[in-house]
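K.L.:
Structure file run-v4.txt (compact mmCIF, C-alpha atoms) is given on the next line.
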```txt
# COMPACT_ATOMS: atom_id res chain seq x y z
CA MET A 96 -16.53 -8.41 -7.71
CA ALA A 97 -12.79 -8.16 -7.10
CA GLU A 98 -11.45 -5.72 -4.54
CA GLY A 99 -10.86 -2.33 -6.10
CA GLN A 100 -13.05 -3.10 -9.11
CA LEU A 101 -16.08 -0.86 -9.46
CA LYS A 102 -19.46 -2.05 -10.62
CA ILE A 103 -20.35 -0.25 -13.83
CA VAL A 104 -24.00 0.79 -13.92
CA GLU A 105 -25.96 1.52 -17.06
CA GLY A 106 -26.97 5.13 -17.44
CA ARG A 107 -27.43 8.00 -19.84
CA ALA A 108 -24.24 9.92 -19.04
CA LEU A 109 -21.77 7.45 -20.59
CA SER A 110 -22.00 4.01 -22.14
CA ALA A 111 -20.69 1.02 -20.21
CA GLN A 112 -17.74 0.76 -22.62
CA GLN A 113 -16.92 4.45 -22.25
CA LYS A 114 -16.95 4.05 -18.47
CA LYS A 115 -14.75 0.96 -18.68
CA ASP A 116 -12.26 2.79 -20.92
CA LEU A 117 -12.10 5.78 -18.56
CA LEU A 118 -11.73 3.58 -15.49
CA ASN A 119 -8.89 1.65 -17.15
CA ARG A 120 -7.14 4.91 -18.04
CA LEU A 121 -7.53 6.19 -14.47
CA ALA A 122 -6.19 2.92 -13.07
CA ARG A 123 -3.05 3.39 -15.17
CA ILE A 124 -2.72 6.95 -13.88
CA GLU A 125 -3.16 5.67 -10.33
CA GLY A 126 -0.25 3.30 -10.96
CA GLN A 127 1.83 6.18 -12.26
CA LEU A 128 1.09 8.18 -9.11
CA ARG A 129 2.08 5.27 -6.88
CA GLY A 130 5.34 5.15 -8.83
CA VAL A 131 5.85 8.88 -8.24
CA GLN A 132 5.27 8.38 -4.52
CA LYS A 133 7.88 5.63 -4.49
CA LEU A 134 10.35 7.81 -6.41
CA ILE A 135 9.87 10.60 -3.86
CA ALA A 136 10.29 8.23 -0.91
CA LEU A 137 13.51 6.82 -2.40
CA ALA A 138 14.93 10.12 -3.70
CA ASP A 139 18.53 10.49 -2.62
CA ALA A 140 20.54 12.40 -5.22
CA PRO A 141 19.53 15.81 -6.62
CA SER A 142 19.07 14.18 -10.03
CA ASP A 143 16.27 12.07 -8.56
CA CYS A 144 14.10 15.19 -8.54
CA ASP A 145 14.36 15.25 -12.34
CA ALA A 146 12.84 11.77 -12.52
CA VAL A 147 10.08 12.76 -10.10
CA ALA A 148 9.26 15.88 -12.12
CA GLN A 149 9.21 13.90 -15.35
CA GLN A 150 6.83 11.31 -13.93
CA MET A 151 4.59 13.99 -12.39
CA ALA A 152 4.37 15.73 -15.77
CA ALA A 153 3.49 12.43 -17.47
CA ALA A 154 0.75 11.73 -14.91
CA ARG A 155 -0.64 15.25 -15.28
CA LYS A 156 -0.73 14.88 -19.07
CA ALA A 157 -2.42 11.48 -18.78
CA LEU A 158 -5.06 12.97 -16.48
CA ASP A 159 -5.64 15.82 -18.94
CA ARG A 160 -6.13 13.25 -21.72
CA SER A 161 -8.66 11.39 -19.58
CA PHE A 162 -10.56 14.65 -19.08
CA VAL A 163 -10.73 15.14 -22.85
CA GLN A 164 -11.84 11.51 -23.23
CA LEU A 165 -14.61 12.10 -20.67
CA LEU A 166 -15.88 15.17 -22.51
CA THR A 167 -15.69 13.52 -25.93
CA ALA A 168 -17.58 10.47 -24.70
CA SER A 169 -20.16 12.69 -22.99
CA ILE A 170 -20.75 14.71 -26.14
CA LEU A 171 -21.25 11.60 -28.25
CA THR A 172 -23.50 9.84 -25.76
CA GLN A 173 -25.56 12.68 -24.41
CA THR A 174 -26.26 14.48 -27.66
CA GLY A 175 -26.78 11.22 -29.55
CA ASP A 176 -29.42 10.07 -27.05
CA ALA A 177 -31.32 13.36 -27.10
CA ALA A 178 -35.01 13.19 -27.91
CA ASP A 179 -34.81 16.07 -30.36
CA LEU A 180 -32.52 18.77 -31.71
CA GLU A 181 -33.43 21.25 -28.96
CA GLU A 182 -32.48 18.76 -26.24
CA ALA A 183 -29.25 17.91 -28.07
CA ARG A 184 -28.35 21.60 -28.23
CA ALA A 185 -29.10 22.07 -24.53
CA ARG A 186 -26.92 19.09 -23.61
CA ALA A 187 -24.12 20.33 -25.88
CA ALA A 188 -24.33 23.78 -24.28
CA HIS A 189 -24.08 22.23 -20.81
CA LEU A 190 -21.00 20.23 -21.83
CA ALA A 191 -19.43 23.31 -23.43
CA ALA A 192 -19.96 25.20 -20.15
CA MET A 193 -18.33 22.32 -18.27
CA LEU A 194 -15.35 22.48 -20.64
CA ASP A 195 -15.08 26.22 -20.12
CA LYS A 196 -15.31 25.83 -16.33
CA PHE A 197 -12.85 22.97 -15.83
CA ALA A 198 -10.41 23.12 -18.76
```
Could you render the structure from this file as structure tokens?

P.N.:
Amino acid sequence: MAEGQLKIVEGRALSAQQKKDLLNRLARIEGQLRGVQKLIALADAPSDCDAVAQQMAAARKALDRSFVQLLTASILTQTGDAADLEEARARAAHLAAMLDKFA
């Protein structure tokens, strides 16, 4: 396993592919944030703050999209794997509460 690469375990929360997709998206966001840090460190002119703000907004939007991707994947996986309709409803209700709490 390469440094920085996480081992993806099989589970019932998300499929291995869903996890891989989310981890790839988060790695891109991590790169964006490193770029923002560099922009801040190198900021010299007042206009440099505009570039920092733009990149921060882009990273924030990308993180919001990854949150939506997490919830969408969770809904598909967790309700699809439910033993019966009652369990599917309970899982959907839990995910809806999570959306309400964190969105």

K.L.:
Determine the nearest neighbour of Lys133 of chain A from the options A:Leu194, A:Ala187, A:Leu109, A:Ala146, counting all atoms listed in the file.

P.N.:
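Of all the options, A:Ala146 lies closest to Lys133 of chain A.
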
K.L.:
Atom CA of Val131 of chain A to atom CA of Gln149 of chain A: how many Å, to one decimal?

P.N.:
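Answer for the atom CA of Val131 of chain A to atom CA of Gln149 of chain A separation: 9.3 Å.
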
K.L.:
With only C-alpha atoms as the counted atoms, please give the residues lying no more than 9 Å from Ala157 of chain A, apart from itself and same-chain residues fewer than 6 positions off, as a list in words.

P.N.:
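Once the nearby chain positions are removed, what remains is Arg120, Leu121, Arg123 and Ile124 of chain A.
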
K.L.:
Those same residues, written as an mmCIF file, keeping the file's coordinate frame with C-alpha atoms?

P.N.:
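out-v1.cif written:
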```cif
data_model
loop_
_atom_site.group_PDB
_atom_site.id
_atom_site.type_symbol
_atom_site.label_atom_id
_atom_site.label_comp_id
_atom_site.auth_asym_id
_atom_site.auth_seq_id
_atom_site.Cartn_x
_atom_site.Cartn_y
_atom_site.Cartn_z
ATOM 1 C CA ARG A 120 -7.140 4.910 -18.040
ATOM 2 C CA LEU A 121 -7.530 6.190 -14.470
ATOM 3 C CA ARG A 123 -3.050 3.390 -15.170
ATOM 4 C CA ILE A 124 -2.720 6.950 -13.880
#
```

K.L.:
Please compute the atom CA of Leu137 of chain A-atom CA of Ala153 of chain A distance, one decimal, in Å.

P.N.:
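Atom-to-atom, atom CA of Leu137 of chain A to atom CA of Ala153 of chain A, that is 18.9 Å.
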
K.L.:
Taking 3 positions as the minimum chain separation for residues in the same chain, which residues sit within 10 Å of Ser161 of chain A when counting only C-alpha atoms? Answer as a list in words.

P.N.:
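Surrounding residues, per the criterion: Asp116, Leu117, Leu118, Arg120, Leu121, Ile124, Arg155, Lys156, Ala157, Leu158, Gln164, Leu165, Leu166 and Thr167 of chain A.
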
K.L.:
Mind giving me the straight-line distance from atom CA of Arg186 of chain A to atom CA of Arg160 of chain A in Å, one decimal?

P.N.:
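Atom CA of Arg186 of chain A sits 21.7 Å away from atom CA of Arg160 of chain A.
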
K.L.:
Considering all atoms listed in the file, state which residue in the set A:Leu190, A:Ile135, A:Cys144, A:Ala154 is at the smallest distance from Leu171 of chain A.

P.N.:
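Among the listed residues, the smallest separation from Leu171 of chain A belongs to A:Leu190.
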
K.L.:
Could you check the closest approach to Asn119 of chain A for each of A:Gln100, A:Ala183, A:Thr172, A:Arg107 and tell me which residue wins, using all atoms listed in the file?

P.N.:
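Closest to Asn119 of chain A of all the choices is A:Gln100.
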